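**Student:** Please see the structure below; I have some questions.
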Amino acid sequence: MTSVFGLVLLCALPVVIVTGLLDWVAYGSGSIPGDVGGLHLPRFDWPTRPAWLFRLTQGLHVGLGIVLVPVVLAKLWSVIPKLFTRPDRDLLELAERGTLVLLVGGILFEIVTGLLNIQYDYVFGFSFYAAHYTGAWVFIAGFVLHVALKLPTMVRSLRSRSLRAELRTPLAETRPEPPHDLVAPEPARPTMSRRGALALVGGGSLLLAGLTVGQTLDGPLRATALLLPRGRTAPGDFPVNRTFEASAIDARDVGDSWRLDLGNVRLTRAELAALPQHTAELPIACVEGWSTQQTWSGVRLRDLAALAGVPSPSGADVRSVENGPFAHAALTADQVLHPDALLALRVNGADLSPDHGYPARVIVPALPGVHCTKWVAAIGFAR
Amino acid sequence: MSAPAPTRTPVRLAQAVGVLGCVALAGYAATIVVRDPTLHPSIPWMLVWFAGAVLLHDLVLFPLYAAADRALALLPATRVPLVNHVRLPLLGAGLTLLVYLPGIIRQGGPVVHAATGLDQEPFLARWLWLVLAMAGVSALVWVVRVTRRSAADG
């Protein structure tokens, strides 16, 4: 059993790890934590194609992370007899056992902080980004060693039983494993077959998948994320990640006196609306794993760059009316010049609501939602 | 007393290198939070949560569900055993409670409201309905199995 759960985790956890590390790259120059030494994937400009790229990577990171919770718990359950065996006197064996703290502590820490973060529960009181990123590398250290040490054991024990035969074995014919260190010395009479136990864990994963996938879907299916904040939306609306109220912006600063500052040009909202408008279907995807696709219209960022006298910018700095940790966003040249990269004025045929960033917001293909700045005050295009 | 067989020495050497590499990588990872002085006050709390996660799982969560599982043996003996019909909805309830706890116990409400404009009001009732549904389905399947067994026994 341990080997089967181990095999599932061996295949799936690298996906969770890599998508998590990609998220750090996707944040570009605004990555948090900023200084991670050498512990990151090679930096590259986060692509703008396909537009759903971040929706996929981050949805996988969070979704798969949740779906694996029952497998992790079952794996720990299956090896827990080891916890109560007397350790060897051998120093190397002791050290090896010590590294299990990094492995088990790492995965549990990542699960707990991740689950709390996607439900906006910051009871732990420290920086989620720094803790989750550091915890990830501590886990990776334990994970790589554990795989290296146990891979032969896993392969051997997977070969010792035929999965097909096991799936045909009912409870009445289920016998204890031959004695070794993970088998109870006096096993109780089985109350569940091995196929039943596998189905139980798989069923737990399916249950969580069914209660989570909704946060990436639009339409009535979103409500299937029954217990997640992102399963709910205000009637006739789509999710936001920061309300206008929470931004603490003075309503007068986004009223008639609002101007978009492009450095040498300042534009009213009416002047922006008079420029050529472009419409694009683009997703907003958030680091918490939820996403939604909507129809945005507004002025292409590259048109604004030309207007500002920088027709081929090397990047852009977007500033919000809001003051706060994400009031600034740096865009790459690619993200400015993509034909669907917009300063949106309207969504789904209506003016943006205050919660969605009225008077104007940035929306760029595959850009993490947090960098699609709302209530934009200024865009500085770099030469 | 017997010295390790000589053929095992390279294996042990590789193991030692592996353990050292693992500890070195984890130690280097810890420097991420050391590099940023604003994080220094948080470091003890991060360690507390790291160790707490292990202790809570190994010394609270595991004994709790192991004891609960033992308690299932006390169920009355029936022609179709009750044990899995109680165990499954119980595990489903525990798993969903564990994963979606913040919404169910309404923790973090102000941040949820700032982020979504919504509250956490419905989650407790939804979870209770979900648990009720799982228990109901499980009970129904048990009744069906008992009926079919009785019919088969004629």
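Within each chain, counting starts at residue 1; across the structure tokens, chains are named A, B, ... in the order shown, with ligands numbered 1 upward in that order.
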Write out as a list in words which residues come within 12 Å of Ala199 of chain A when counting only C-alpha atoms, dropping same-chain ones fewer than 5 positions away.
**Tutor:**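 Once the nearby chain positions are removed, what remains is Met1, Phe5, Pro70, Val71, Ala74, Leu167, Met192, Ser193, Arg194, Gly204, Ser205, Leu206 and Leu207 of chain A; Leu88 of chain B.
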**Student:** Based on the selection just made, write C-alpha atoms of those residues as a PDB file, in the first residue's frame.
**Tutor:**
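Just written: part16.pdb:
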ATOM      1  CA  MET A   1       0.000   0.000   0.000  1.00  0.00           C
ATOM      2  CA  PHE A   5       0.655   5.850  -2.457  1.00  0.00           C
ATOM      3  CA  PRO A  70      -5.804  12.290   1.190  1.00  0.00           C
ATOM      4  CA  VAL A  71      -2.894  10.501  -0.516  1.00  0.00           C
ATOM      5  CA  ALA A  74      -2.821   7.756   3.709  1.00  0.00           C
ATOM      6  CA  LEU A 167      -8.158  -5.541  -7.617  1.00  0.00           C
ATOM      7  CA  MET A 192     -11.467  -3.688   4.287  1.00  0.00           C
ATOM      8  CA  SER A 193      -9.805  -5.218   1.249  1.00  0.00           C
ATOM      9  CA  ARG A 194      -6.750  -3.605  -0.320  1.00  0.00           C
ATOM     10  CA  GLY A 204     -11.329  11.121  -0.866  1.00  0.00           C
ATOM     11  CA  SER A 205      -9.248  12.711  -3.626  1.00  0.00           C
ATOM     12  CA  LEU A 206     -12.239  12.707  -5.992  1.00  0.00           C
ATOM     13  CA  LEU A 207     -14.419  14.300  -3.337  1.00  0.00           C
TER      14      LEU A 207
ATOM     15  CA  LEU B  88     -16.640   6.188   5.052  1.00  0.00           C
TER      16      LEU B  88
END
**Student:** Taking the DSSP assignment computed from this structure's backbone, write out as a list in words all residues of segment 251-335 of chain A that belong to helix (DSSP H, G or I).
**Tutor:**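 The residues of segment 251-335 of chain A classed as helix (DSSP H, G or I) are Ala251, Arg252, Asp253, Val254, Arg269, Ala270, Glu271, Leu272, Ala273, Ala274, Leu301, Arg302, Asp303, Leu304, Ala305, Ala306, Leu307, Ala333, Asp334 and Gln335 of chain A.
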**Student:** Based on only C-alpha atoms, which of the residues in chain A come within 6 Å of chain B? I want them as a list in words.
**Tutor:**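 Listed by rising number, the hits are Val36, Gly105, Leu108, Phe109, Tyr120, Asp121, Phe126, Thr134, Trp137, Val138, Ala141, Leu227, Val240, Asn241, Arg242, Thr243 and Ala246 of chain A.
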**Student:** Would you mind reading off the distance between atom CA of Asp317 of chain A and atom CA of Ala382 of chain A, one decimal, in Å?
**Tutor:**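 Calculated distance between atom CA of Asp317 of chain A and atom CA of Ala382 of chain A is 7.8 Å.
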**Student:** Pick the closest to Gly114 of chain A from A:Leu10, A:Val16, A:Ile140, A:Ser157: which is it, counting only C-alpha atoms?
**Tutor:** A:Val16
**Student:** Identify, on the basis of only C-alpha atoms, every residue whose closest approach to segment 174-183 of chain A does not exceed 10 Å; exclude the query and any residue fewer than 5 positions from it along the same chain; express the result as JSON, numbers by chain.
**Tutor:** {"A": [1, 2, 78, 79, 80, 81, 82, 83, 85, 166, 169, 188, 189, 190, 191, 192, 193, 194, 195]}
**Student:** With C-alpha atoms retained, write the just-selected residues as a CSV table (one decimal), in the first residue's frame.
**Tutor:**
chain,number,residue,atom,x,y,z
A,1,MET,CA,0.0,0.0,0.0
A,2,THR,CA,2.8,2.4,1.0
A,78,SER,CA,0.8,3.5,6.2
A,79,VAL,CA,4.3,4.2,7.5
A,80,ILE,CA,3.4,5.4,11.0
A,81,PRO,CA,4.4,2.1,12.6
A,82,LYS,CA,8.0,3.2,11.9
A,83,LEU,CA,7.5,6.2,14.2
A,85,THR,CA,10.0,1.5,16.4
A,166,GLU,CA,-5.2,-7.3,-5.9
A,169,THR,CA,-9.4,-9.8,-4.2
A,188,ALA,CA,-6.4,-7.4,13.4
A,189,ARG,CA,-8.9,-9.2,11.2
A,190,PRO,CA,-9.2,-7.1,8.1
A,191,THR,CA,-12.4,-5.0,7.7
A,192,MET,CA,-11.5,-3.7,4.3
A,193,SER,CA,-9.8,-5.2,1.2
A,194,ARG,CA,-6.7,-3.6,-0.3
A,195,ARG,CA,-8.8,-2.6,-3.3
**Student:** Leaving out Leu115 of chain A and any residue of its chain fewer than 3 positions from it, which residues lie within 8 Å of it when counting only C-alpha atoms, given as a PyMOL selection string?
**Tutor:** (chain A and resi 66+111-112+118-119) or (chain B and resi 99-100)
**Student:** Deliver the residues from the most recent selection as a file, using N, CA and C atoms, as a short mmCIF file (atom, residue, chain, number, x, y, z; two decimals), in the first residue's frame.
**Tutor:**
data_model
loop_
_atom_site.label_atom_id
_atom_site.label_comp_id
_atom_site.auth_asym_id
_atom_site.auth_seq_id
_atom_site.Cartn_x
_atom_site.Cartn_y
_atom_site.Cartn_z
N ILE A 66 -4.47 20.15 -3.39
CA ILE A 66 -5.60 19.77 -2.54
C ILE A 66 -5.96 18.30 -2.75
N ILE A 111 1.06 22.11 3.03
CA ILE A 111 -0.38 21.88 2.92
C ILE A 111 -1.14 22.88 3.80
N VAL A 112 -0.69 23.01 5.05
CA VAL A 112 -1.41 23.87 5.99
C VAL A 112 -1.36 25.33 5.54
N ILE A 118 -5.40 30.04 0.56
CA ILE A 118 -6.47 30.12 -0.45
C ILE A 118 -7.82 30.42 0.19
N GLN A 119 -7.88 30.32 1.52
CA GLN A 119 -9.12 30.67 2.20
C GLN A 119 -8.97 31.96 3.00
N VAL B 99 -9.83 20.25 5.45
CA VAL B 99 -9.38 21.03 4.29
C VAL B 99 -10.07 22.40 4.23
N TYR B 100 -11.36 22.42 4.53
CA TYR B 100 -12.12 23.67 4.36
C TYR B 100 -12.45 24.32 5.71
#
**Student:** I'd like the neighbourhood of Thr332 of chain A as a PyMOL selection string, where a residue qualifies if any of its atoms comes within 10 Å (using only C-alpha atoms), though same-chain residues fewer than 3 positions away should be ignored.
**Tutor:** chain A and resi 28-29+45-48+313-317+335-337+382
**Student:** To one decimal in Å, tell me the separation between atom CA of Ser257 of chain A and atom CA of Gln294 of chain A.
**Tutor:** 28.3 Å
**Student:** Name the residues in contact with segment 135-141 of chain B at a cut-off of 8 Å, using only C-alpha atoms, excluding same-chain residues fewer than 3 positions from it; report them as a tab-separated table (two decimals) with N, CA and C atoms, in the first residue's frame.
**Tutor:**
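Now in selection06.tsv:
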chain	number	residue	atom	x	y	z
B	85	HIS	N	-19.70	1.33	6.58
B	85	HIS	CA	-20.80	2.28	6.35
B	85	HIS	C	-20.77	3.42	7.36
B	86	VAL	N	-20.06	3.23	8.45
B	86	VAL	CA	-19.84	4.32	9.40
B	86	VAL	C	-18.51	5.01	9.08
B	88	LEU	N	-16.75	5.35	6.25
B	88	LEU	CA	-16.64	6.19	5.05
B	88	LEU	C	-17.21	7.59	5.26
B	89	PRO	N	-18.48	7.73	5.71
B	89	PRO	CA	-18.97	9.10	5.91
B	89	PRO	C	-18.19	9.85	6.99
B	90	LEU	N	-17.69	9.12	7.98
B	90	LEU	CA	-16.90	9.76	9.03
B	90	LEU	C	-15.60	10.33	8.46
B	131	VAL	N	-22.22	16.47	5.05
B	131	VAL	CA	-22.01	15.33	5.96
B	131	VAL	C	-23.28	14.49	6.05
B	132	LEU	N	-24.41	15.19	6.15
B	132	LEU	CA	-25.69	14.50	6.23
B	132	LEU	C	-25.93	13.68	4.96
B	144	VAL	N	-29.94	-1.30	1.42
B	144	VAL	CA	-30.09	-2.05	0.16
B	144	VAL	C	-29.33	-3.37	0.26
B	145	ARG	N	-28.10	-3.32	0.80
B	145	ARG	CA	-27.29	-4.54	0.90
B	145	ARG	C	-27.95	-5.55	1.84
**Student:** Considering only strand (DSSP E or B) as DSSP defines it on the backbone, what residues of segment 220-355 of chain A qualify? List them as an MDAnalysis selection string.
**Tutor:** chainID A and resid 260:261 266:267 278:285 291:300 315:320 328:332 342:347 350:351
**Student:** Save out the residues we just selected, C-alpha atoms, as a PDB file, in the first residue's frame.
**Tutor:**
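The resulting file, again-v8.pdb, is shown below:
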ATOM      1  CA  LEU A 260      -4.400  58.651 -16.962  1.00  0.00           C
ATOM      2  CA  ASP A 261      -0.816  59.858 -16.705  1.00  0.00           C
ATOM      3  CA  ARG A 266      -2.668  63.030 -19.622  1.00  0.00           C
ATOM      4  CA  LEU A 267      -5.969  61.586 -20.790  1.00  0.00           C
ATOM      5  CA  HIS A 278     -10.190  46.424 -28.912  1.00  0.00           C
ATOM      6  CA  THR A 279     -12.106  43.511 -27.400  1.00  0.00           C
ATOM      7  CA  ALA A 280     -10.543  40.283 -26.118  1.00  0.00           C
ATOM      8  CA  GLU A 281     -11.667  37.232 -24.144  1.00  0.00           C
ATOM      9  CA  LEU A 282      -9.080  36.875 -21.409  1.00  0.00           C
ATOM     10  CA  PRO A 283      -8.809  34.974 -18.159  1.00  0.00           C
ATOM     11  CA  ILE A 284      -8.027  36.440 -14.774  1.00  0.00           C
ATOM     12  CA  ALA A 285      -6.177  33.842 -12.739  1.00  0.00           C
ATOM     13  CA  SER A 291      -9.765  31.834 -12.350  1.00  0.00           C
ATOM     14  CA  THR A 292     -12.459  33.262 -14.579  1.00  0.00           C
ATOM     15  CA  GLN A 293     -12.668  34.230 -18.251  1.00  0.00           C
ATOM     16  CA  GLN A 294     -14.406  37.448 -19.308  1.00  0.00           C
ATOM     17  CA  THR A 295     -14.774  39.709 -22.348  1.00  0.00           C
ATOM     18  CA  TRP A 296     -12.752  42.875 -21.909  1.00  0.00           C
ATOM     19  CA  SER A 297     -12.666  46.000 -24.105  1.00  0.00           C
ATOM     20  CA  GLY A 298     -10.397  48.994 -23.995  1.00  0.00           C
ATOM     21  CA  VAL A 299      -7.320  50.560 -25.520  1.00  0.00           C
ATOM     22  CA  ARG A 300      -4.363  48.417 -26.523  1.00  0.00           C
ATOM     23  CA  GLY A 315       8.708  47.411 -20.622  1.00  0.00           C
ATOM     24  CA  ALA A 316       6.255  49.394 -18.567  1.00  0.00           C
ATOM     25  CA  ASP A 317       5.586  50.340 -14.991  1.00  0.00           C
ATOM     26  CA  VAL A 318       1.913  50.521 -14.045  1.00  0.00           C
ATOM     27  CA  ARG A 319       0.832  52.427 -10.953  1.00  0.00           C
ATOM     28  CA  SER A 320      -2.549  52.332  -9.263  1.00  0.00           C
ATOM     29  CA  HIS A 328       2.801  48.747  -8.737  1.00  0.00           C
ATOM     30  CA  ALA A 329       3.333  46.247 -11.523  1.00  0.00           C
ATOM     31  CA  ALA A 330       6.192  45.878 -13.969  1.00  0.00           C
ATOM     32  CA  LEU A 331       5.316  44.589 -17.440  1.00  0.00           C
ATOM     33  CA  THR A 332       7.765  43.133 -19.955  1.00  0.00           C
ATOM     34  CA  LEU A 342      -5.366  46.157 -22.828  1.00  0.00           C
ATOM     35  CA  LEU A 343      -6.066  49.046 -20.613  1.00  0.00           C
ATOM     36  CA  ALA A 344      -9.659  47.891 -20.204  1.00  0.00           C
ATOM     37  CA  LEU A 345     -12.503  50.368 -19.761  1.00  0.00           C
ATOM     38  CA  ARG A 346     -15.359  47.911 -20.114  1.00  0.00           C
ATOM     39  CA  VAL A 347     -16.085  44.265 -19.332  1.00  0.00           C
ATOM     40  CA  ALA A 350     -20.626  47.449 -19.602  1.00  0.00           C
ATOM     41  CA  ASP A 351     -18.344  50.000 -17.932  1.00  0.00           C
TER      42      ASP A 351
END
